[in-house]
>>> print(open('query-v7.csv').read())   # CSV, C-alpha atoms and all ligand atoms
chain,number,residue,atom,x,y,z
A,102,MET,CA,0.0,0.0,0.0
A,103,ASN,CA,1.3,3.5,-0.9
A,104,ARG,CA,1.0,5.5,2.3
A,105,GLY,CA,2.2,8.7,0.7
A,106,VAL,CA,5.3,10.8,1.1
A,107,TYR,CA,6.5,11.4,4.6
A,108,MET,CA,8.3,14.8,5.0
A,109,ASP,CA,7.7,15.4,8.7
A,110,TRP,CA,10.8,13.9,10.3
A,111,ASN,CA,11.2,16.7,12.8
A,112,ALA,CA,7.9,15.6,14.3
A,113,THR,CA,9.0,12.0,14.4
A,114,ALA,CA,11.2,9.7,12.4
A,115,PRO,CA,10.4,6.1,11.4
A,116,LEU,CA,11.7,3.3,13.7
A,117,ARG,CA,15.1,2.1,12.4
A,118,ALA,CA,15.2,-1.6,11.5
A,119,GLY,CA,17.9,-2.2,14.1
A,120,ALA,CA,15.8,-0.5,16.8
A,121,LEU,CA,12.7,-2.6,15.8
A,122,ALA,CA,14.7,-5.8,15.9
A,123,THR,CA,16.2,-5.0,19.3
A,124,MET,CA,12.9,-4.0,20.8
A,125,ALA,CA,11.2,-7.2,19.5
A,126,ALA,CA,14.0,-9.3,21.1
A,127,VAL,CA,13.6,-7.4,24.4
A,128,LEU,CA,9.8,-7.7,24.5
A,129,GLN,CA,10.1,-11.4,24.3
A,130,GLU,CA,12.1,-11.6,27.4
A,131,VAL,CA,11.2,-11.1,31.1
A,132,GLY,CA,13.2,-9.3,33.7
A,133,ASN,CA,13.3,-6.2,35.8
A,134,PRO,CA,16.7,-4.5,35.6
A,135,SER,CA,16.7,-4.1,39.4
A,136,SER,CA,16.4,-7.8,40.0
A,137,VAL,CA,19.6,-9.6,40.9
A,138,HIS,CA,18.8,-12.9,39.2
A,139,ALA,CA,19.9,-13.9,35.7
A,140,PHE,CA,16.7,-12.5,34.1
A,141,GLY,CA,17.1,-9.2,35.8
A,142,ARG,CA,20.8,-9.1,34.9
A,143,ARG,CA,19.9,-9.6,31.3
A,144,ALA,CA,17.4,-6.7,31.3
A,145,ARG,CA,20.1,-4.6,33.0
A,146,ALA,CA,22.5,-5.5,30.2
A,147,TRP,CA,20.1,-4.2,27.6
A,148,VAL,CA,19.8,-0.9,29.5
A,149,ASP,CA,23.6,-0.7,30.1
A,150,HIS,CA,24.3,-1.2,26.4
A,151,ALA,CA,21.9,1.5,25.5
A,152,ARG,CA,23.5,3.8,28.1
A,153,ASP,CA,26.9,3.3,26.4
A,154,ALA,CA,25.4,4.0,23.0
A,155,VAL,CA,23.6,7.1,24.0
A,156,ALA,CA,26.6,8.5,25.8
A,157,LYS,CA,28.8,7.8,22.7
A,158,LEU,CA,26.3,9.7,20.5
A,159,VAL,CA,27.1,12.9,22.4
A,160,GLY,CA,30.7,12.2,23.6
A,161,GLY,CA,29.4,11.8,27.2
A,162,ARG,CA,30.0,9.3,30.0
A,163,ALA,CA,27.5,6.4,30.4
A,164,ALA,CA,27.2,6.9,34.2
A,165,LEU,CA,26.0,10.4,33.5
A,166,VAL,CA,23.1,9.4,31.2
A,167,THR,CA,19.6,9.4,32.8
A,168,PHE,CA,16.8,7.7,30.8
A,169,THR,CA,13.5,9.5,30.8
A,170,SER,CA,10.1,9.2,29.1
A,171,GLY,CA,11.3,11.5,26.3
A,172,GLY,CA,12.8,14.9,25.4
A,173,THR,CA,9.9,16.7,27.2
A,174,GLU,CA,10.7,15.0,30.5
A,175,ALA,CA,14.4,15.5,30.1
A,176,ASN,CA,14.0,19.2,29.5
A,177,ASN,CA,11.7,19.5,32.5
A,178,LEU,CA,14.2,17.5,34.6
A,179,ALA,CA,17.0,19.8,33.5
A,180,LEU,CA,15.2,23.0,34.4
A,181,HIS,CA,14.1,21.4,37.7
A,182,ALA,CA,17.9,21.3,38.6
A,183,ARG,CA,18.3,25.0,38.6
A,184,GLN,CA,18.2,25.3,42.5
A,185,GLY,CA,17.1,28.9,42.9
A,186,ARG,CA,19.1,30.2,40.0
A,187,THR,CA,17.5,32.7,37.6
A,188,LEU,CA,16.4,30.9,34.5
A,189,VAL,CA,17.4,32.4,31.2
A,190,VAL,CA,16.0,30.8,28.0
A,191,SER,CA,15.6,31.9,24.4
A,192,ALA,CA,12.2,32.9,22.8
A,193,ILE,CA,12.4,30.0,20.3
A,194,GLU,CA,12.8,27.1,22.7
A,195,HIS,CA,10.5,24.1,22.5
A,196,GLU,CA,7.3,24.3,24.7
A,197,SER,CA,8.8,21.7,27.1
A,198,VAL,CA,11.4,24.4,28.0
A,199,LEU,CA,9.3,27.5,27.5
A,200,ARG,CA,6.3,26.4,29.6
A,201,PRO,CA,8.2,25.5,32.8
A,202,ALA,CA,10.4,28.6,32.1
A,203,ARG,CA,7.4,30.9,32.0
A,204,ILE,CA,6.1,29.4,35.2
A,205,ALA,CA,9.5,30.0,36.8
A,206,GLY,CA,9.5,33.6,35.7
A,207,ALA,CA,12.4,33.1,33.3
A,208,GLN,CA,14.2,35.9,31.5
A,209,ILE,CA,13.6,35.4,27.7
A,210,ALA,CA,16.4,36.2,25.3
A,211,ARG,CA,15.6,37.6,21.9
A,212,VAL,CA,16.4,36.1,18.5
A,213,GLY,CA,17.4,37.8,15.3
A,214,ARG,CA,15.6,37.9,12.0
A,215,ASN,CA,17.6,34.9,10.8
A,216,GLY,CA,16.5,32.7,13.7
A,217,GLU,CA,19.7,32.8,15.7
A,218,ILE,CA,19.6,33.6,19.4
A,219,ASP,CA,20.8,37.2,20.2
A,220,VAL,CA,23.9,36.3,22.3
A,221,ALA,CA,24.5,39.8,23.5
A,222,HIS,CA,20.9,40.1,24.8
A,223,LEU,CA,21.2,36.7,26.5
A,224,ALA,CA,24.5,37.8,28.1
A,225,TYR,CA,22.8,41.0,29.3
A,226,LEU,CA,20.0,39.0,30.9
A,227,ILE,CA,22.6,36.9,32.8
A,228,ASP,CA,24.3,40.1,34.0
A,229,LYS,CA,21.1,41.7,35.0
A,230,ALA,CA,19.9,38.7,37.1
A,231,ASP,CA,20.3,39.2,40.9
A,232,ARG,CA,21.2,35.5,41.3
A,233,PRO,CA,23.5,33.2,39.3
A,234,ALA,CA,21.8,32.0,36.1
A,235,PHE,CA,20.7,28.7,34.7
A,236,VAL,CA,20.7,29.0,30.9
A,237,SER,CA,18.7,26.7,28.6
A,238,VAL,CA,19.2,27.0,24.9
A,239,MET,CA,18.5,24.6,22.0
A,240,LEU,CA,21.1,23.4,19.6
A,241,ALA,CA,18.9,23.3,16.5
A,242,ASN,CA,15.4,24.7,16.2
A,243,ASN,CA,12.7,22.3,15.5
A,244,GLU,CA,10.8,24.6,13.1
A,245,THR,CA,13.5,26.4,11.2
A,246,GLY,CA,16.4,24.0,11.7
A,247,VAL,CA,18.6,27.0,12.6
A,248,ILE,CA,21.7,25.9,14.5
A,249,GLN,CA,22.4,28.0,17.5
A,250,PRO,CA,25.7,29.3,18.8
A,251,VAL,CA,25.5,27.1,21.9
A,252,ALA,CA,29.3,26.8,22.4
A,253,GLU,CA,29.7,30.6,22.4
A,254,ILE,CA,26.7,31.0,24.7
A,255,ALA,CA,28.0,28.3,27.1
A,256,ARG,CA,31.5,30.0,27.2
A,257,ILE,CA,30.0,33.4,28.0
A,258,ALA,CA,27.4,32.1,30.4
A,259,LYS,CA,29.9,29.9,32.3
A,260,SER,CA,32.3,32.8,32.6
A,261,LYS,CA,29.5,34.5,34.5
A,262,GLY,CA,29.0,31.6,36.8
A,263,ALA,CA,25.9,30.1,35.1
A,264,LEU,CA,24.9,26.5,34.6
A,265,VAL,CA,24.0,25.7,31.0
A,266,HIS,CA,21.5,23.2,29.6
A,267,CYS,CA,21.1,22.4,25.9
A,268,ASP,CA,18.1,20.8,24.2
A,269,ALA,CA,19.9,18.8,21.4
A,270,VAL,CA,16.8,16.8,20.4
A,271,GLN,CA,16.7,17.9,16.8
A,272,ALA,CA,20.4,18.2,16.3
A,273,ALA,CA,21.4,14.6,17.3
A,274,GLY,CA,22.0,12.3,14.4
A,275,ARG,CA,21.9,15.2,12.0
A,276,VAL,CA,25.0,17.2,13.0
A,277,PRO,CA,27.9,16.3,15.3
A,278,VAL,CA,26.9,16.8,18.9
A,279,ASP,CA,29.6,16.6,21.6
A,280,ILE,CA,28.8,17.7,25.2
A,281,SER,CA,32.4,18.7,26.0
A,282,GLU,CA,32.9,20.7,22.8
A,283,LEU,CA,29.6,22.5,23.4
A,284,GLY,CA,30.7,23.1,27.0
A,285,VAL,CA,27.2,22.6,28.4
A,286,ASP,CA,26.4,21.0,31.7
A,287,TYR,CA,23.1,19.2,30.8
A,288,LEU,CA,22.0,17.9,27.4
A,289,THR,CA,18.6,16.6,26.3
A,290,LEU,CA,18.0,13.8,23.7
A,291,SER,CA,14.9,12.1,22.4
A,292,ALA,CA,14.8,8.6,20.9
A,293,HIS,CA,12.1,9.1,18.3
A,294,LYS,CA,13.8,11.9,16.5
A,295,ILE,CA,16.8,9.6,15.7
A,296,GLY,CA,14.9,6.5,14.7
A,297,GLY,CA,14.2,5.0,18.1
A,298,PRO,CA,10.8,4.6,19.7
A,299,GLN,CA,8.5,7.4,21.0
A,300,GLY,CA,8.4,7.7,24.7
A,301,ALA,CA,12.2,7.4,25.5
A,302,GLY,CA,14.7,10.2,26.0
A,303,ALA,CA,17.7,11.1,28.1
A,304,LEU,CA,19.3,13.8,30.1
A,305,VAL,CA,23.1,13.6,29.8
A,306,LEU,CA,25.2,15.4,32.4
A,307,ALA,CA,28.7,16.7,31.8
A,308,GLY,CA,29.9,15.9,35.3
A,309,ASP,CA,28.8,15.6,38.9
A,310,LEU,CA,26.0,18.1,38.7
A,311,PRO,CA,22.8,18.5,40.7
A,312,VAL,CA,19.7,16.7,39.6
A,313,GLU,CA,16.4,17.0,41.5
A,314,PRO,CA,14.2,14.0,40.5
A,315,LEU,CA,10.8,14.8,39.1
A,316,VAL,CA,9.7,11.2,39.6
A,317,GLN,CA,10.4,9.8,43.0
A,318,GLY,CA,10.5,6.0,43.4
A,319,GLY,CA,12.8,3.1,43.9
A,320,GLY,CA,16.1,4.8,43.3
A,321,GLN,CA,16.5,3.8,39.7
A,322,GLU,CA,18.7,5.8,37.4
A,323,ARG,CA,21.1,6.6,40.2
A,324,ASN,CA,18.3,8.3,42.1
A,325,ARG,CA,17.8,10.7,39.3
A,326,ARG,CA,14.5,9.2,38.0
A,327,GLY,CA,12.4,6.7,39.8
A,328,GLY,CA,10.4,3.9,38.2
A,329,THR,CA,11.1,0.6,36.5
A,330,GLU,CA,13.0,1.3,33.3
A,331,ASN,CA,11.2,1.0,30.0
A,332,VAL,CA,13.7,-1.6,28.9
A,333,ALA,CA,12.4,-2.3,25.4
A,334,ALA,CA,12.2,1.4,24.5
A,335,ILE,CA,15.6,2.2,26.1
A,336,ALA,CA,17.2,-0.7,24.1
A,337,GLY,CA,15.6,0.6,20.9
A,338,PHE,CA,16.9,4.1,21.8
A,339,GLY,CA,20.4,2.5,22.1
A,340,ALA,CA,20.2,0.7,18.8
A,341,ALA,CA,19.1,4.0,17.1
A,342,ALA,CA,21.9,5.9,18.8
A,343,ASP,CA,24.4,3.3,17.5
A,344,GLU,CA,23.3,4.1,14.0
A,345,ALA,CA,22.8,7.8,14.4
A,346,THR,CA,26.4,8.2,15.6
A,347,GLN,CA,27.4,7.5,11.9
A,348,LEU,CA,25.4,10.6,10.9
A,349,GLY,CA,24.1,8.6,7.9
A,350,ASP,CA,23.4,10.2,4.6
A,351,ASN,CA,22.9,13.8,5.8
A,352,ALA,CA,24.9,15.2,3.0
A,353,ARG,CA,22.5,13.6,0.5
A,354,ILE,CA,19.6,14.9,2.5
A,355,ALA,CA,21.0,18.5,2.4
A,356,ILE,CA,21.2,18.3,-1.4
A,357,LEU,CA,17.5,17.2,-1.6
A,358,ARG,CA,16.5,20.1,0.8
A,359,ASP,CA,18.5,22.7,-1.2
A,360,ALA,CA,17.0,21.4,-4.5
A,361,LEU,CA,13.5,21.7,-3.0
A,362,GLU,CA,14.1,25.3,-2.0
A,363,GLU,CA,15.6,26.2,-5.4
A,364,ARG,CA,12.6,24.8,-7.2
A,365,LEU,CA,10.0,26.5,-4.9
A,366,VAL,CA,11.8,29.8,-5.5
A,367,GLY,CA,11.6,29.1,-9.2
A,368,PHE,CA,7.8,29.3,-9.1
A,369,GLY,CA,8.3,33.1,-9.0
A,370,LEU,CA,5.8,33.5,-6.1
A,371,PRO,CA,6.8,35.5,-3.0
A,372,LEU,CA,8.6,32.9,-0.8
A,373,THR,CA,10.3,33.5,2.5
A,374,VAL,CA,12.6,30.7,3.6
A,375,PHE,CA,13.1,31.3,7.3
A,376,GLY,CA,16.7,31.1,8.5
A,377,ARG,CA,18.1,30.6,5.0
A,378,THR,CA,21.2,32.8,5.7
A,379,ALA,CA,22.0,31.0,9.0
A,380,MET,CA,23.6,27.6,9.6
A,381,ARG,CA,20.8,25.1,9.4
A,382,LEU,CA,20.2,21.4,9.9
A,383,PRO,CA,20.6,19.6,6.6
A,384,ASN,CA,17.0,18.3,6.5
A,385,THR,CA,14.8,21.2,7.4
A,386,SER,CA,13.1,23.9,5.4
A,387,CYS,CA,10.6,26.3,6.8
A,388,PHE,CA,8.9,28.7,4.4
A,389,ALA,CA,5.9,30.9,3.8
A,390,SER,CA,4.4,31.8,0.4
A,391,GLY,CA,1.9,34.3,1.7
A,392,THR,CA,-0.9,33.1,-0.6
A,393,LYS,CA,-2.4,30.5,1.7
A,394,THR,CA,-2.5,29.8,5.4
A,395,ALA,CA,-0.4,27.0,6.8
A,396,GLU,CA,-3.5,25.1,7.8
A,397,THR,CA,-4.8,25.2,4.2
A,398,LEU,CA,-1.4,24.1,2.8
A,399,VAL,CA,-1.1,21.2,5.3
A,400,MET,CA,-4.6,19.9,4.4
A,401,ALA,CA,-4.2,20.3,0.7
A,402,LEU,CA,-0.8,18.6,0.6
A,403,ASP,CA,-2.2,15.8,2.9
A,404,LEU,CA,-4.9,15.3,0.2
A,405,ALA,CA,-2.1,15.0,-2.3
A,406,GLY,CA,-0.5,12.3,-0.1
A,407,ILE,CA,2.3,14.5,1.3
A,408,ALA,CA,2.8,14.8,5.1
A,409,ILE,CA,4.3,18.1,6.3
A,410,SER,CA,3.8,20.4,9.4
A,411,ALA,CA,2.5,23.8,10.1
A,412,GLY,CA,5.0,25.2,12.5
A,413,SER,CA,5.7,22.8,15.4
A,414,ALA,CA,3.9,19.4,15.3
A,415,CYS,CA,3.5,19.5,19.0
A,416,SER,CA,1.1,22.4,18.8
A,417,SER,CA,-0.5,21.6,15.4
A,418,GLY,CA,-3.7,20.3,17.0
A,419,LYS,CA,-4.4,23.9,17.7
A,420,VAL,CA,-3.6,26.2,14.7
A,421,ARG,CA,-1.9,29.3,16.0
A,422,PRO,CA,0.9,31.3,14.6
A,423,SER,CA,4.3,29.8,15.3
A,424,HIS,CA,6.0,31.4,18.3
A,425,VAL,CA,9.4,30.8,16.6
A,426,ILE,CA,8.6,32.7,13.4
A,427,SER,CA,6.9,35.5,15.5
A,428,ALA,CA,10.0,35.7,17.7
A,429,MET,CA,12.1,36.2,14.5
A,430,GLY,CA,10.1,39.4,14.0
A,431,PHE,CA,7.7,38.3,11.3
A,432,ASP,CA,4.0,39.5,11.5
A,433,ALA,CA,1.2,37.2,12.6
A,434,ALA,CA,0.0,36.5,9.0
A,435,THR,CA,3.4,35.4,7.9
A,436,ALA,CA,3.9,33.3,11.0
A,437,GLY,CA,0.5,31.8,10.3
A,438,SER,CA,1.4,30.8,6.8
A,439,ALA,CA,4.7,29.1,7.6
A,440,ILE,CA,5.1,25.4,6.8
A,441,ARG,CA,7.9,23.0,7.6
A,442,VAL,CA,9.3,20.3,5.4
A,443,SER,CA,11.7,18.0,7.2
A,444,LEU,CA,13.4,15.1,5.5
A,445,GLY,CA,15.1,11.9,6.5
A,446,TRP,CA,17.0,8.9,5.2
A,447,GLN,CA,14.0,7.4,3.4
A,448,ASN,CA,13.3,10.5,1.3
A,449,SER,CA,14.4,10.5,-2.4
A,450,GLN,CA,14.5,12.9,-5.4
A,451,ASN,CA,11.1,11.4,-6.4
A,452,ASP,CA,9.6,12.7,-3.1
A,453,ILE,CA,10.9,16.2,-3.9
A,454,ASP,CA,9.4,16.0,-7.4
A,455,GLN,CA,6.1,14.9,-5.9
A,456,PHE,CA,6.1,17.8,-3.4
A,457,VAL,CA,7.0,20.4,-6.0
A,458,GLY,CA,4.2,19.0,-8.3
A,459,ALA,CA,1.6,19.1,-5.5
A,460,TRP,CA,2.8,22.6,-4.4
A,461,GLY,CA,2.3,23.9,-7.9
A,462,ARG,CA,-1.2,22.4,-8.1
A,463,VAL,CA,-2.1,23.8,-4.7
A,464,GLN,CA,-0.9,27.2,-5.6
A,465,ARG,CA,-2.9,27.2,-8.9
A,466,ILE,CA,-6.2,26.0,-7.5
A,467,GLY,CA,-8.5,28.4,-5.6
A,468,LEU,CA,-7.6,27.4,-2.0
A,469,SER,CA,-6.6,31.0,-1.1
A,470,ALA,CA,-7.3,31.6,2.5
A,471,GLY,CA,-7.7,35.3,1.9
A,472,PRO,CA,-5.8,38.4,0.9
A,473,ASP,CA,-2.0,38.6,0.8
A,474,THR,CA,-0.8,37.7,4.2
A,475,GLY,CA,1.7,40.5,4.3
A,476,LEU,CA,5.0,38.8,3.9
A,477,ALA,CA,7.8,40.9,5.2
A,478,ARG,CA,9.6,42.5,2.2
A,479,GLY,CA,13.2,43.1,1.6
A,480,ASP,CA,14.9,41.3,4.5
A,481,ALA,CA,18.0,39.1,4.0
A,482,ASP,CA,16.0,35.9,4.2
A,483,ASP,CA,13.5,36.9,1.6
A,484,ALA,CA,14.0,34.4,-1.2
A,485,ARG,CA,11.6,36.0,-3.7
A,486,ILE,CA,12.8,36.2,-7.2
A,487,PRO,CA,11.7,39.0,-9.4
A,488,ALA,CA,8.4,38.1,-11.1
B,501,LIG,N1,12.8,19.5,22.2
B,501,LIG,C1,12.6,19.7,20.8
B,501,LIG,C2,13.5,20.7,20.2
B,501,LIG,C3,11.7,19.0,20.1
B,501,LIG,O1,11.5,19.2,18.8
B,501,LIG,C4,10.8,18.1,20.8
B,501,LIG,C5,9.8,17.3,20.1
B,501,LIG,O2,9.2,17.8,19.1
B,501,LIG,C6,11.1,17.9,22.2
B,501,LIG,C7,12.0,18.7,22.8
B,501,LIG,C8,10.2,16.9,23.0
B,501,LIG,O3,10.7,15.6,22.8
B,501,LIG,P1,9.7,14.4,23.0
B,501,LIG,O4,8.7,14.4,21.9
B,501,LIG,O5,10.6,13.2,23.1
B,501,LIG,O6,9.0,14.7,24.3
>>> encode(input="query-v7.csv", output="structure tokens")
Amino acid sequence: MNRGVYMDWNATAPLRAGALATMAAVLQEVGNPSSVHAFGRRARAWVDHARDAVAKLVGGRAALVTFTSGGTEANNLALHARQGRTLVVSAIEHESVLRPARIAGAQIARVGRNGEIDVAHLAYLIDKADRPAFVSVMLANNETGVIQPVAEIARIAKSKGALVHCDAVQAAGRVPVDISELGVDYLTLSAHKIGGPQGAGALVLAGDLPVEPLVQGGGQERNRRGGTENVAAIAGFGAAADEATQLGDNARIAILRDALEERLVGFGLPLTVFGRTAMRLPNTSCFASGTKTAETLVMALDLAGIAISAGSACSSGKVRPSHVISAMGFDAATAGSAIRVSLGWQNSQNDIDQFVGAWGRVQRIGLSAGPDTGLARGDADDARIPA
């Protein structure tokens, strides 16, 4: 059965064959990793192997990997470790950082028009705080793919006595991620973005740093996260991490992404490609044409068998302008017409051809959601070509 063209890999990636096989093997066994008998020891071995693989993916130490229920929990756990410090985050963080940050009264750093965090503003917010800071910044944005100057931010923040957390959920497996080179203290990963199962993630520490458990229980995960480990999911995470460490065919994926953008620009319609002048993940393209709302485009392309997202998938149940595009200084109408195409190892040139064909048809038929949505004109990222 042809299930269509999947171009929504930043929302979730398919399970890698190795992860599926590993999980199937684990699910046929019995054993609690905390049990001392042979069955328990075997379950523990699966978890330990995964811990090694996840640590290796980010150049970390296995003993400093805490498995969680996903990236959301790992981000929450990191922020929970701030111990009275002033929280400083950027305006384009994932909601799993932004929501707890808002509740904690965080200082929010601005981003530039190209989607990069304004480092000088962030440094100013650290200086302004009356207590030492706890900084949380993402390595790559889930909507635009823009790679953030995390190493620079960490260097500045740590010189001012801050602790630094990095959400590397979208970067892992797509660009090299090394916790020491980044110079951060805490780092978040999610299994399902790298071809592991949904519902598993990890918080990796750079050293002996405070962690305040969110889930209290039987002392699992070195007292950092209670509850019997999700052994099958963790083992699948480990298998995916093993493969993701190779960084796969990201160069090929970047060529597909760049070709897609060139061809869309070639339509001669107004097209803003967000973050195009910044360093981006190889697989992500976020753009607005201004002729249709994102909701209309997502539905029309879905009818054509193509799966993409309007802004962040995590909020796509409710259609509202992307906070990321808004934070970059674009107006509500532009933010509300932004869509995201995100590619992965299963995509081919044929998928790009199908997308471009469907895009052309959608633009021609009368699905217009109203008047010109007021695309910002004349900025560096504006990829319009003369009509
Ligand atoms: N951080 C970023 C940047 C993400 O894109 C996501 C998921 O979309 C998360 C965190 C949350 O990860 P999870 O889905 O594993 O909870």
>>> residues_around(input="query-v7.csv", residues="Val442 in chain A", least_positions_apart="5", cutoff="8 Å", atoms="all atoms listed in the file", output="list of chain:residue names")
A:Met108, A:Asp109, A:Thr385, A:Ser386, A:Cys387, A:Ile409, A:Ser410
>>> residues_around(input="query-v7.csv", residues="Ala210 in chain A", least_positions_apart="6", cutoff="12 Å", atoms="only C-alpha atoms", output="ChimeraX atom specification")
/A:188-194,199,202,217-227,236-238,254,428-429
>>> residues_around(input="query-v7.csv", residues="Asn177 in chain A", least_positions_apart="6", cutoff="9 Å", atoms="only C-alpha atoms", output="list in words")
Ser197, Val198, Pro201 and Leu315 of chain A
>>> closest_residue(input="query-v7.csv", among="A:Arg200, A:Lys157, A:Arg256, A:Arg377", to="ligand LIG 501 (chain B)", atoms="only C-alpha atoms and all ligand atoms")
A:Arg200
>>> atom_distance(input="query-v7.csv", atom1="CA of Gly319 in chain A", atom2="CA of Leu165 in chain A")
18.3 Å
>>> residues_near_ligand(input="query-v7.csv", ligand="ligand LIG 501 (chain B)", cutoff="6 Å", atoms="all atoms listed in the file", output="PyMOL selection string")
chain A and resi 112+171-173+195+242-243+268+270-271+291+302+415
>>> closest_residue(input="query-v7.csv", among="A:Tyr107, A:Trp446, A:Phe168, A:Phe368", to="Glu330 in chain A", atoms="all atoms listed in the file")
A:Phe168
>>> closest_residue(input="query-v7.csv", among="A:Leu290, A:Ala230, A:Val212, A:Leu348", to="Ile426 in chain A", atoms="all atoms listed in the file")
A:Val212
>>> closest_residue(input="query-v7.csv", among="A:Ser423, A:Gln129, A:Thr167, A:Gln299", to="Thr113 in chain A", atoms="only C-alpha atoms")
A:Gln299
>>> closest_residue(input="query-v7.csv", among="A:Ala336, A:Ile295, A:Leu121, A:Ile209", to="Trp147 in chain A", atoms="only C-alpha atoms")
A:Ala336
>>> atom_distance(input="query-v7.csv", atom1="CA of Ile440 in chain A", atom2="CA of Ala389 in chain A")
6.3 Å
>>> residues_around(input="query-v7.csv", residues="Ala273 in chain A", least_positions_apart="4", cutoff="8 Å", atoms="all atoms listed in the file", output="list of chain:residue names")
A:Leu158, A:Val159, A:Ala269, A:Pro277, A:Val278, A:Leu290, A:Ile295, A:Ala345
>>> closest_residue(input="query-v7.csv", among="A:Arg186, A:Arg211, A:Arg325, A:Arg142", to="Ala164 in chain A", atoms="only C-alpha atoms")
A:Arg325
>>> atom_distance(input="query-v7.csv", atom1="CA of Val285 in chain A", atom2="CA of Glu313 in chain A")
17.9 Å
>>> residues_around(input="query-v7.csv", residues="Asp343 in chain A", least_positions_apart="2", cutoff="12 Å", atoms="only C-alpha atoms", output="PyMOL selection string")
chain A and resi 117+119-120+123+150-159+273-274+292+295-297+336-341+345-349
>>> axis_aligned_box(input="query-v7.csv", around="range 447-457 of chain A", padding_each_side="3 Å", output="JSON")
{"center_x": 10.3, "center_y": 13.9, "center_z": -2.0, "size_x": 14.4, "size_y": 19.0, "size_z": 16.8}
